[in-house]
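*Asks:* Below is the file target-v8.tsv, with TSV, C-alpha atoms.
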chain	number	residue	atom	x	y	z
M	1	MET	CA	-3.14	-8.31	-4.02
M	2	ALA	CA	-4.94	-7.35	-0.85
M	3	THR	CA	-5.34	-9.48	2.30
M	4	SER	CA	-8.45	-9.74	4.39
M	5	VAL	CA	-8.50	-9.50	8.18
M	6	SER	CA	-10.59	-11.57	10.57
M	7	LEU	CA	-12.63	-10.17	13.43
M	8	SER	CA	-11.03	-12.49	15.94
M	9	SER	CA	-7.53	-12.94	17.33
M	10	PHE	CA	-4.81	-14.93	15.59
M	11	SER	CA	-3.50	-18.32	16.94
M	12	SER	CA	-0.24	-18.73	18.79
M	13	SER	CA	1.65	-19.84	15.69
M	14	ALA	CA	4.28	-17.48	14.37
M	15	SER	CA	2.52	-17.19	11.04
M	16	LEU	CA	-0.91	-16.43	9.69
M	17	LYS	CA	-2.91	-18.52	7.29
M	18	LEU	CA	-4.01	-16.53	4.29
M	19	CYS	CA	-6.85	-18.90	3.55
M	20	SER	CA	-10.30	-17.76	4.65
M	21	PHE	CA	-12.90	-15.41	3.25
M	22	PHE	CA	-15.56	-13.76	5.34
M	23	THR	CA	-19.12	-14.71	4.60
M	24	GLY	CA	-21.71	-13.39	6.99
M	25	ASP	CA	-20.45	-13.39	10.57
M	26	TYR	CA	-18.03	-16.26	10.35
M	27	LEU	CA	-15.02	-17.52	8.42
M	28	THR	CA	-15.32	-20.22	5.82
M	29	PRO	CA	-12.36	-22.01	4.25
M	30	SER	CA	-11.22	-20.23	1.13
M	31	ARG	CA	-8.30	-19.30	-0.98
M	32	CYS	CA	-6.79	-15.90	-0.95
M	33	PHE	CA	-4.09	-13.54	-2.10
M	34	ILE	CA	-2.80	-10.85	-0.04
M	35	GLY	CA	-5.80	-8.88	-0.26
M	36	ALA	CA	-7.54	-11.99	0.93
M	37	PRO	CA	-8.63	-12.97	4.41
M	38	VAL	CA	-6.52	-14.19	7.27
M	39	THR	CA	-7.47	-16.93	9.70
M	40	SER	CA	-7.73	-16.09	13.37
M	41	SER	CA	-4.72	-16.57	15.63
M	42	SER	CA	-2.34	-14.89	18.09
M	43	LEU	CA	0.98	-13.83	16.78
M	44	SER	CA	4.32	-14.32	18.46
M	45	LEU	CA	7.20	-12.68	16.68
M	46	SER	CA	10.64	-11.75	17.85
M	47	GLY	CA	13.96	-10.46	16.72
M	48	ASN	CA	13.25	-6.76	16.17
M	49	ASN	CA	11.60	-3.74	17.65
M	50	ASN	CA	8.53	-4.30	15.52
M	51	SER	CA	7.51	-7.42	17.42
M	52	TYR	CA	3.84	-8.32	17.28
M	53	SER	CA	4.28	-10.64	20.27
M	54	GLN	CA	1.04	-11.87	21.82
M	55	ARG	CA	-1.03	-9.02	20.51
M	56	LYS	CA	-4.41	-9.39	18.88
M	57	PHE	CA	-5.60	-8.10	15.55
M	58	TYR	CA	-9.10	-6.71	15.32
M	59	VAL	CA	-11.08	-4.93	12.69
M	60	SER	CA	-11.62	-1.67	14.52
M	61	ALA	CA	-14.16	1.04	13.85
M	62	LYS	CA	-13.44	4.73	14.01
M	63	LYS	CA	-15.01	6.53	16.96
M	64	VAL	CA	-16.62	9.71	15.75
M	65	SER	CA	-18.45	12.51	17.49
M	66	GLY	CA	-22.00	13.44	16.61
M	67	LEU	CA	-20.74	16.53	14.81
M	68	GLU	CA	-18.20	14.57	12.74
M	69	GLU	CA	-20.89	12.07	11.76
M	70	ALA	CA	-23.30	14.84	10.81
M	71	ILE	CA	-20.63	16.48	8.62
M	72	ARG	CA	-19.87	13.17	6.94
M	73	ILE	CA	-23.55	12.51	6.20
M	74	ARG	CA	-24.00	16.03	4.83
M	75	ARG	CA	-21.02	15.59	2.51
M	76	MET	CA	-22.43	12.30	1.23
M	77	ARG	CA	-25.82	13.88	0.56
M	78	GLU	CA	-24.19	16.81	-1.22
M	79	LEU	CA	-22.27	14.42	-3.44
M	80	GLU	CA	-25.43	12.45	-4.18
M	81	THR	CA	-27.33	15.57	-5.23
M	82	LYS	CA	-24.46	16.95	-7.33
M	83	THR	CA	-23.94	13.76	-9.33
M	84	LYS	CA	-26.28	10.82	-9.38
M	85	VAL	CA	-24.00	7.80	-9.76
M	86	ARG	CA	-25.55	5.28	-12.08
M	87	ARG	CA	-25.28	1.53	-11.68
M	88	ASN	CA	-24.09	-0.81	-14.36
M	89	PRO	CA	-25.92	-4.13	-14.85
M	90	PRO	CA	-24.97	-6.66	-12.15
M	91	LEU	CA	-21.77	-8.57	-12.81
M	92	ARG	CA	-22.38	-12.13	-14.05
M	93	ARG	CA	-20.00	-15.03	-14.16
M	94	GLY	CA	-18.64	-16.03	-17.55
M	95	ARG	CA	-16.90	-19.20	-18.65
M	96	VAL	CA	-13.43	-19.74	-17.18
M	97	SER	CA	-11.01	-21.27	-19.68
M	98	PRO	CA	-8.38	-23.87	-18.73
M	99	ARG	CA	-5.25	-22.83	-16.86
M	100	LEU	CA	-2.44	-21.59	-19.11
M	101	LEU	CA	0.87	-23.44	-19.22
M	102	VAL	CA	4.26	-22.14	-18.09
M	103	PRO	CA	7.47	-23.44	-19.73
M	104	ASP	CA	9.48	-25.78	-17.54
M	105	HIS	CA	12.61	-23.60	-17.59
M	106	ILE	CA	10.89	-20.73	-15.75
M	107	PRO	CA	11.42	-20.89	-11.96
M	108	ARG	CA	8.25	-21.22	-9.89
M	109	PRO	CA	7.51	-19.84	-6.42
M	110	PRO	CA	7.63	-22.62	-3.79
M	111	TYR	CA	3.86	-22.68	-3.31
M	112	VAL	CA	3.31	-23.80	-6.92
M	113	GLU	CA	5.27	-27.03	-6.49
M	114	SER	CA	3.89	-27.84	-3.04
M	115	GLY	CA	0.27	-27.25	-3.92
M	116	VAL	CA	-0.22	-26.04	-0.35
M	117	LEU	CA	-1.67	-22.63	0.45
M	118	PRO	CA	1.19	-20.66	2.05
M	119	ASP	CA	1.08	-19.08	5.47
M	120	ILE	CA	1.66	-15.37	5.76
M	121	SER	CA	5.31	-15.15	6.73
M	122	SER	CA	6.02	-13.50	10.08
M	123	GLU	CA	9.32	-12.14	8.78
M	124	PHE	CA	9.50	-8.56	7.62
M	125	GLN	CA	11.07	-8.48	4.15
M	126	ILE	CA	14.17	-6.32	4.15
M	127	PRO	CA	16.26	-7.22	1.09
M	128	GLY	CA	19.95	-6.37	1.01
M	129	PRO	CA	21.53	-4.42	-1.87
M	130	GLU	CA	21.40	-7.41	-4.23
M	131	GLY	CA	17.84	-8.22	-3.20
M	132	ILE	CA	16.72	-4.64	-3.72
M	133	ALA	CA	18.14	-4.72	-7.25
M	134	LYS	CA	16.14	-7.86	-7.95
M	135	MET	CA	13.03	-6.31	-6.39
M	136	ARG	CA	13.40	-3.30	-8.67
M	137	ALA	CA	13.59	-5.57	-11.70
M	138	ALA	CA	10.52	-7.59	-10.69
M	139	CYS	CA	8.51	-4.48	-9.84
M	140	GLU	CA	9.51	-2.69	-13.04
M	141	LEU	CA	8.35	-5.72	-15.05
M	142	ALA	CA	5.06	-5.82	-13.15
M	143	ALA	CA	4.53	-2.13	-13.92
M	144	ARG	CA	5.23	-2.62	-17.63
M	145	VAL	CA	2.86	-5.57	-17.79
M	146	LEU	CA	0.15	-3.59	-16.01
M	147	ASN	CA	0.53	-0.65	-18.38
M	148	TYR	CA	0.26	-3.00	-21.35
M	149	ALA	CA	-2.81	-4.70	-19.89
M	150	GLY	CA	-4.43	-1.29	-19.54
M	151	THR	CA	-4.11	-0.67	-23.29
M	152	LEU	CA	-6.25	-3.76	-23.90
M	153	VAL	CA	-9.22	-2.42	-21.93
M	154	LYS	CA	-11.83	-1.74	-24.61
M	155	PRO	CA	-15.48	-2.64	-25.17
M	156	SER	CA	-15.99	-6.24	-26.36
M	157	VAL	CA	-12.57	-7.42	-25.08
M	158	THR	CA	-12.90	-10.29	-22.59
M	159	THR	CA	-11.02	-10.44	-19.31
M	160	ASN	CA	-9.83	-13.86	-20.45
M	161	GLU	CA	-8.09	-12.20	-23.40
M	162	ILE	CA	-6.41	-9.77	-21.00
M	163	ASP	CA	-5.25	-12.70	-18.87
M	164	LYS	CA	-3.76	-14.46	-21.91
M	165	ALA	CA	-1.89	-11.32	-23.01
M	166	VAL	CA	-0.56	-10.71	-19.49
M	167	HIS	CA	0.48	-14.35	-19.15
M	168	ASP	CA	2.37	-14.32	-22.44
M	169	MET	CA	4.21	-11.07	-21.66
M	170	ILE	CA	5.33	-12.32	-18.24
M	171	ILE	CA	6.51	-15.65	-19.65
M	172	GLU	CA	8.40	-13.95	-22.48
M	173	ALA	CA	10.29	-11.94	-19.83
M	174	GLY	CA	11.37	-15.17	-18.13
M	175	ALA	CA	9.13	-14.58	-15.11
M	176	TYR	CA	6.26	-16.47	-13.51
M	177	PRO	CA	2.76	-14.97	-13.01
M	178	SER	CA	2.52	-15.14	-9.21
M	179	PRO	CA	-1.27	-15.59	-8.91
M	180	LEU	CA	-1.28	-18.72	-11.10
M	181	GLY	CA	-1.73	-21.72	-8.82
M	182	TYR	CA	-1.64	-19.67	-5.63
M	183	GLY	CA	-4.06	-21.53	-3.36
M	184	GLY	CA	-5.78	-22.86	-6.47
M	185	PHE	CA	-6.26	-19.53	-8.26
M	186	PRO	CA	-6.71	-20.58	-11.91
M	187	LYS	CA	-5.44	-17.51	-13.77
M	188	SER	CA	-2.34	-15.34	-14.18
M	189	VAL	CA	-3.91	-11.99	-13.24
M	190	CYS	CA	-6.88	-10.65	-11.27
M	191	THR	CA	-9.49	-8.65	-13.21
M	192	SER	CA	-12.10	-7.00	-10.97
M	193	VAL	CA	-14.93	-5.26	-12.85
M	194	ASN	CA	-17.33	-2.63	-11.44
M	195	GLU	CA	-18.70	-3.91	-8.10
M	196	CYS	CA	-15.96	-6.55	-7.77
M	197	MET	CA	-13.72	-5.38	-4.91
M	198	CYS	CA	-10.84	-7.71	-5.77
M	199	HIS	CA	-9.72	-11.19	-6.85
M	200	GLY	CA	-11.88	-11.32	-9.95
M	201	ILE	CA	-11.14	-14.40	-12.08
M	202	PRO	CA	-10.74	-13.64	-15.80
M	203	ASP	CA	-13.46	-15.25	-17.90
M	204	SER	CA	-15.47	-14.97	-21.11
M	205	ARG	CA	-17.40	-11.84	-20.12
M	206	GLN	CA	-16.89	-9.00	-22.58
M	207	LEU	CA	-16.11	-5.57	-21.19
M	208	GLN	CA	-18.82	-2.99	-21.80
M	209	SER	CA	-18.54	0.74	-22.35
M	210	GLY	CA	-19.02	2.30	-18.92
M	211	ASP	CA	-17.19	-0.45	-17.02
M	212	ILE	CA	-14.29	0.20	-14.68
M	213	ILE	CA	-11.81	-2.62	-14.16
M	214	ASN	CA	-8.99	-3.15	-11.70
M	215	ILE	CA	-6.15	-5.24	-13.08
M	216	ASP	CA	-3.84	-6.71	-10.43
M	217	VAL	CA	-0.47	-7.95	-11.71
M	218	THR	CA	2.17	-9.80	-9.71
M	219	VAL	CA	5.29	-11.33	-11.26
M	220	TYR	CA	7.93	-13.62	-9.79
M	221	LEU	CA	11.32	-12.81	-11.33
M	222	ASP	CA	14.69	-14.08	-10.15
M	223	GLY	CA	13.29	-15.07	-6.77
M	224	TYR	CA	11.35	-11.86	-6.02
M	225	HIS	CA	7.71	-10.78	-6.41
M	226	GLY	CA	6.62	-7.39	-7.78
M	227	ASP	CA	2.98	-6.51	-7.05
M	228	THR	CA	0.87	-3.66	-8.45
M	229	SER	CA	-2.66	-2.81	-9.62
M	230	LYS	CA	-4.62	0.00	-11.22
M	231	THR	CA	-8.25	0.74	-12.09
M	232	PHE	CA	-8.88	1.48	-15.77
M	233	PHE	CA	-11.80	2.99	-17.70
M	234	CYS	CA	-13.59	1.17	-20.52
M	235	GLY	CA	-15.28	3.46	-23.02
M	236	GLU	CA	-17.54	6.28	-21.81
M	237	ILE	CA	-17.52	6.43	-18.01
M	238	ASP	CA	-20.00	7.92	-15.55
M	239	GLU	CA	-18.63	11.05	-13.87
M	240	GLY	CA	-19.34	9.54	-10.45
M	241	PHE	CA	-17.21	6.50	-11.32
M	242	LYS	CA	-14.41	8.76	-12.53
M	243	ARG	CA	-14.44	10.69	-9.27
M	244	LEU	CA	-14.26	7.48	-7.20
M	245	VAL	CA	-11.29	6.22	-9.23
M	246	LYS	CA	-9.49	9.57	-8.98
M	247	VAL	CA	-9.93	9.78	-5.20
M	248	THR	CA	-8.83	6.15	-4.75
M	249	GLU	CA	-5.57	6.84	-6.58
M	250	GLU	CA	-5.09	9.97	-4.48
M	251	CYS	CA	-5.61	7.87	-1.33
M	252	LEU	CA	-2.77	5.58	-2.40
M	253	GLU	CA	-0.54	8.59	-3.03
M	254	LYS	CA	-1.35	10.10	0.36
M	255	GLY	CA	-0.70	6.79	2.10
M	256	ILE	CA	2.70	6.51	0.43
M	257	ALA	CA	3.55	10.12	1.31
M	258	VAL	CA	3.67	9.37	5.07
M	259	CYS	CA	6.08	6.45	4.67
M	260	LYS	CA	9.68	6.67	5.85
M	261	ASP	CA	12.08	5.02	8.27
M	262	GLY	CA	10.63	5.20	11.81
M	263	ALA	CA	7.11	6.24	10.76
M	264	SER	CA	4.15	4.43	12.34
M	265	PHE	CA	2.26	2.06	10.07
M	266	LYS	CA	-1.03	3.40	11.42
M	267	LYS	CA	-0.34	6.77	9.75
M	268	ILE	CA	-1.10	5.13	6.40
M	269	GLY	CA	-4.65	4.22	7.37
M	270	LYS	CA	-5.27	7.57	9.01
M	271	ARG	CA	-4.23	9.56	5.94
M	272	ILE	CA	-6.18	7.34	3.54
M	273	SER	CA	-9.34	7.48	5.68
M	274	GLU	CA	-9.19	11.25	5.98
M	275	HIS	CA	-9.01	11.73	2.24
M	276	ALA	CA	-11.72	9.18	1.40
M	277	GLU	CA	-14.12	10.63	3.96
M	278	LYS	CA	-13.57	14.12	2.59
M	279	TYR	CA	-15.36	12.96	-0.57
M	280	GLY	CA	-17.92	10.74	1.12
M	281	TYR	CA	-16.36	7.41	0.12
M	282	ASN	CA	-15.81	4.34	2.28
M	283	VAL	CA	-12.56	2.42	2.81
M	284	VAL	CA	-12.82	-1.37	2.72
M	285	GLU	CA	-11.35	-2.73	5.96
M	286	ARG	CA	-11.32	-6.39	5.05
M	287	PHE	CA	-8.50	-6.30	2.53
M	288	VAL	CA	-5.06	-5.03	3.49
M	289	GLY	CA	-1.58	-4.52	2.10
M	290	HIS	CA	1.37	-6.75	2.99
M	291	GLY	CA	5.07	-7.30	2.99
M	292	VAL	CA	6.42	-8.57	-0.33
M	293	GLY	CA	9.77	-9.75	-1.65
M	294	PRO	CA	11.04	-13.32	-1.91
M	295	VAL	CA	7.74	-14.20	-0.20
M	296	PHE	CA	4.46	-13.20	-1.87
M	297	HIS	CA	2.67	-12.26	1.38
M	298	SER	CA	4.24	-11.46	4.73
M	299	GLU	CA	4.08	-9.18	7.74
M	300	PRO	CA	3.52	-6.32	8.17
M	301	LEU	CA	-0.16	-6.16	7.32
M	302	ILE	CA	-0.97	-2.66	6.06
M	303	TYR	CA	-4.35	-1.38	7.26
M	304	HIS	CA	-5.91	1.25	5.01
M	305	TYR	CA	-8.34	2.53	7.66
M	306	ARG	CA	-7.92	4.23	11.04
M	307	ASN	CA	-6.35	1.84	13.52
M	308	ASP	CA	-4.18	1.73	16.63
M	309	GLU	CA	-1.91	-1.12	15.59
M	310	PRO	CA	1.70	-0.77	16.80
M	311	GLY	CA	4.81	-1.00	14.67
M	312	VAL	CA	7.08	1.33	12.72
M	313	MET	CA	8.64	1.20	9.27
M	314	VAL	CA	12.27	0.22	8.84
M	315	GLU	CA	14.69	1.42	6.18
M	316	GLY	CA	15.08	-1.20	3.46
M	317	GLN	CA	11.65	-2.75	4.07
M	318	THR	CA	9.35	-3.56	1.13
M	319	PHE	CA	5.56	-3.80	1.26
M	320	THR	CA	2.40	-2.94	-0.66
M	321	ILE	CA	-0.24	-0.31	-0.07
M	322	GLU	CA	-3.48	-1.09	-1.91
M	323	PRO	CA	-6.62	0.72	-0.71
M	324	ILE	CA	-10.09	-0.21	-1.99
M	325	LEU	CA	-12.79	2.49	-1.89
M	326	THR	CA	-16.52	2.09	-2.47
M	327	ILE	CA	-19.37	4.46	-3.22
M	328	GLY	CA	-21.75	2.46	-1.02
M	329	THR	CA	-21.31	-0.30	1.52
M	330	THR	CA	-18.02	-1.98	2.33
M	331	GLU	CA	-19.81	-5.23	3.13
M	332	CYS	CA	-19.06	-7.95	0.61
M	333	VAL	CA	-20.23	-11.26	-0.82
M	334	THR	CA	-18.01	-13.93	-2.35
M	335	TRP	CA	-18.95	-16.09	-5.31
M	336	PRO	CA	-18.79	-19.90	-5.06
M	337	ASP	CA	-15.36	-19.82	-6.71
M	338	ASN	CA	-14.11	-18.61	-3.28
M	339	TRP	CA	-12.24	-15.73	-4.90
M	340	THR	CA	-14.45	-13.18	-6.63
M	341	THR	CA	-15.55	-10.68	-3.96
M	342	LEU	CA	-18.29	-8.13	-4.70
M	343	THR	CA	-19.82	-5.24	-2.79
M	344	ALA	CA	-23.00	-6.44	-1.10
M	345	ASP	CA	-25.09	-3.57	-2.50
M	346	GLY	CA	-23.77	-3.73	-6.06
M	347	GLY	CA	-22.03	-0.34	-5.79
M	348	VAL	CA	-18.79	0.09	-7.69
M	349	ALA	CA	-15.38	-0.25	-6.05
M	350	ALA	CA	-11.94	1.00	-7.12
M	351	GLN	CA	-8.41	0.01	-6.08
M	352	PHE	CA	-4.82	1.07	-6.73
M	353	GLU	CA	-1.63	-0.62	-5.51
M	354	HIS	CA	2.11	-0.04	-5.44
M	355	THR	CA	5.04	-1.91	-3.95
M	356	ILE	CA	7.26	0.53	-2.07
M	357	LEU	CA	10.74	0.52	-0.51
M	358	ILE	CA	11.25	2.39	2.76
M	359	THR	CA	14.19	4.80	2.77
M	360	ARG	CA	15.73	6.93	5.50
M	361	THR	CA	13.89	10.08	4.42
M	362	GLY	CA	10.82	8.68	2.67
M	363	SER	CA	9.97	5.86	0.29
M	364	GLU	CA	10.58	4.75	-3.28
M	365	ILE	CA	7.78	3.44	-5.46
M	366	LEU	CA	9.24	0.33	-7.07
M	367	THR	CA	6.31	-0.51	-9.35
M	368	LYS	CA	7.00	2.23	-11.87
M	369	CYS	CA	8.43	2.06	-15.36
Let me see whether you can do it: turn the structure in this file into structure tokens.

*Replies:*
Amino acid sequence: MATSVSLSSFSSSASLKLCSFFTGDYLTPSRCFIGAPVTSSSLSLSGNNNSYSQRKFYVSAKKVSGLEEAIRIRRMRELETKTKVRRNPPLRRGRVSPRLLVPDHIPRPPYVESGVLPDISSEFQIPGPEGIAKMRAACELAARVLNYAGTLVKPSVTTNEIDKAVHDMIIEAGAYPSPLGYGGFPKSVCTSVNECMCHGIPDSRQLQSGDIINIDVTVYLDGYHGDTSKTFFCGEIDEGFKRLVKVTEECLEKGIAVCKDGASFKKIGKRISEHAEKYGYNVVERFVGHGVGPVFHSEPLIYHYRNDEPGVMVEGQTFTIEPILTIGTTECVTWPDNWTTLTADGGVAAQFEHTILITRTGSEILTKC
């Protein structure tokens, strides 16, 4: 899942609270996955060359020249004239069914037992050989579950039915669905339809022909989390929607392509932004990728937009890249459930995510099967 970033600095604690969503110009208490917002604070980390000691995180805007801006606007207008992107009816809340049960013999992540929303860990996750083997197993399971969930995307199927199928498949594999109980999240998977950027809660709404839906699967297997998502088509899809989804997946691929031992994290955001802008799309800044492993959400935070944040990748490190692109605004509104986050203008959004392992010469996508 993606994490959201505040506009202010973080506190002096060595960890970040993943527990606030942006509404308007201020932070309100909320629950969040990675891909959700982070409270403000100053970070003090130590122990490696990637220290974030006493620096501040800001949502930064790209500085563009008048010519660059004119080119961008022209591209957007050309896209608008070539294909008029239609709008589906506004997303409405359905009925959310009771939380599904998990057998007692299946190990839970620590946050489930404590009932406390976890902090974002300040420790980079660099599993050893045994840990990497476990990560591969968790990520491969997450990928298989996601592929199966995609086969269920059809008109008249409810997102609640997808959640039940995902839940059952994860449990049958002896794993735990990581979202379930995370900061109060009531379901085992996130299903984000049309204008929902992320963190959609499965409910009784039936999918309609023409919908696009992002399904975000995370499993906890043998002490490790595997995290992945993909945007699927339901029935006959508008060509403009198809193009957005295609470019979003390409952005993920281009972000992954720059990853290797010693590479700057900021290269990811630069490459993703360049590709999105080429087609006139906007990259959501609020939700970011994250370290993942024994801990669901940790440093480093992966910004999908242009930024000047320091830090380099380290061989053996595992984290997610999960860009969200929109046709219109990147501003968002959050439903009263404190999870479901929609584009403010009702324009569709698309997202793709992989968990990757940094190697000496590149990276390995772990969430494949």

*Asks:* What separation in Å, quoted to one decimal, exists between CA of Gly94 (chain M) and CA of Ala173 (chain M)?

*Replies:*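 Rounded to one decimal, the two atoms are 29.3 Å apart.
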
*Asks:* Using all atoms listed in the file, can you tell me which of M:Phe233, M:Phe352, M:Tyr176, M:Tyr305 comes closest to Leu152 (chain M)?

*Replies:*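 Closest to Leu152 (chain M), using all atoms listed in the file: M:Phe233.
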
*Asks:* Using only C-alpha atoms, what residues lie at most 8 Å away from (6.3, -8.3, 8.7) (file coordinates), given as a count of residues only?

*Replies:* 11

*Asks:* One number please: CA of Gly262 (chain M) to CA of Pro118 (chain M), in Å, one decimal.

*Replies:* 29.2 Å

*Asks:* One decimal, in Å: what's the spacing between CA of Arg144 (chain M) and CA of Thr367 (chain M)?

*Replies:*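 CA of Thr367 (chain M) lies at a distance of 8.6 Å from CA of Arg144 (chain M).
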
*Asks:* I need the residue nearest Pro294 (chain M) from this list: M:Ala165, M:Val314, M:Ile212, M:Val219. Use only C-alpha atoms for the distance.

*Replies:*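 Of all the options, M:Val219 lies closest to Pro294 (chain M).
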
*Asks:* Considering only C-alpha atoms, can you say which of M:Thr228, M:Thr326, M:Thr318, M:Gln351 comes closest to Ser363 (chain M)?

*Replies:*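 Looking only at the distances to Ser363 (chain M), the closest residue turns out to be M:Thr318.
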
*Asks:* Please check which residues have atoms at most 8 Å from (-2.2, 0.1, 10.9) in the file's coordinates, counting only C-alpha atoms, and write them as an MDAnalysis selection string.

*Replies:* chainID M and resid 264:269 301:310

*Asks:* Using only C-alpha atoms, pick whichever of M:Pro202, M:Pro323, M:Gly293, M:Gly223 has the shortest atom-to-atom distance to Pro98 (chain M).

*Replies:*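 Looking only at the distances to Pro98 (chain M), the closest residue turns out to be M:Pro202.
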
*Asks:* Using all atoms listed in the file, which residue out of M:Asp104, M:Asp211, M:Glu172, M:Asp222 lies closest to Gly131 (chain M)?

*Replies:*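 Using all atoms listed in the file, Gly131 (chain M) sits closest to M:Asp222.
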
*Asks:* Contacts of Ser209 (chain M) at 6 Å or less, counting only C-alpha atoms, minus same-chain residues fewer than 5 places along, as an MDAnalysis selection string?

*Replies:* chainID M and resid 155 234:236

*Asks:* Give the centre and edge lengths of an axis-aligned box, in Å to one decimal, that holds all listed atoms of region 168-172 of chain M with 8 Å on each side, as JSON.

*Replies:*
{"center_x": 5.4, "center_y": -13.4, "center_z": -20.4, "size_x": 22.0, "size_y": 20.6, "size_z": 20.2}

*Asks:* Name all residues at most 8 Å from Gly328 (chain M) (count all atoms listed in the file; drop same-chain ones fewer than 2 positions away) and give them as number ranges by chain.

*Replies:* M: 281-282, 326, 330, 345, 347-348

*Asks:* So which residues touch Ala263 (chain M) within 10 Å, counting only C-alpha atoms, skipping near sequence neighbours fewer than 5 positions away, as a VMD selection string?

*Replies:* chain M and resid 258 268 311 to 314 358 362

*Asks:* Would you mind listing what lies within 8 Å of Lys187 (chain M) as a count of residues only, with only C-alpha atoms counted and same-chain residues fewer than 6 positions away left out?

*Replies:* 8

*Asks:* Would you mind writing region 253-258 of chain M with all heavy atoms, as a short mmCIF file (atom, residue, chain, number, x, y, z; two decimals), in the coordinates of the input?

*Replies:*
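The new file part-v9.cif reads:
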data_model
loop_
_atom_site.label_atom_id
_atom_site.label_comp_id
_atom_site.auth_asym_id
_atom_site.auth_seq_id
_atom_site.Cartn_x
_atom_site.Cartn_y
_atom_site.Cartn_z
N GLU M 253 -1.64 7.62 -3.05
CA GLU M 253 -0.54 8.59 -3.03
C GLU M 253 -0.35 9.19 -1.64
O GLU M 253 0.79 9.37 -1.18
CB GLU M 253 -0.82 9.69 -4.05
CG GLU M 253 -0.78 9.19 -5.49
CD GLU M 253 -1.36 10.19 -6.48
OE1 GLU M 253 -1.93 11.22 -6.02
OE2 GLU M 253 -1.25 9.96 -7.70
N LYS M 254 -1.45 9.49 -0.98
CA LYS M 254 -1.35 10.10 0.36
C LYS M 254 -0.85 9.08 1.38
O LYS M 254 -0.14 9.44 2.33
CB LYS M 254 -2.70 10.68 0.76
CG LYS M 254 -3.06 11.94 -0.04
CD LYS M 254 -4.35 12.57 0.40
CE LYS M 254 -4.63 13.83 -0.41
NZ LYS M 254 -3.60 14.88 -0.19
N GLY M 255 -1.22 7.82 1.22
CA GLY M 255 -0.70 6.79 2.10
C GLY M 255 0.80 6.62 1.94
O GLY M 255 1.54 6.49 2.92
N ILE M 256 1.27 6.63 0.70
CA ILE M 256 2.70 6.51 0.43
C ILE M 256 3.47 7.70 0.98
O ILE M 256 4.59 7.57 1.48
CB ILE M 256 2.94 6.35 -1.09
CG1 ILE M 256 2.38 5.01 -1.58
CG2 ILE M 256 4.43 6.46 -1.42
CD1 ILE M 256 2.40 4.85 -3.09
N ALA M 257 2.86 8.88 0.92
CA ALA M 257 3.55 10.12 1.31
C ALA M 257 3.98 10.14 2.78
O ALA M 257 4.92 10.85 3.14
CB ALA M 257 2.66 11.33 1.02
N VAL M 258 3.32 9.36 3.64
CA VAL M 258 3.67 9.37 5.07
C VAL M 258 4.75 8.34 5.39
O VAL M 258 5.21 8.26 6.53
CB VAL M 258 2.44 9.12 5.96
CG1 VAL M 258 1.36 10.14 5.69
CG2 VAL M 258 1.90 7.70 5.78
#
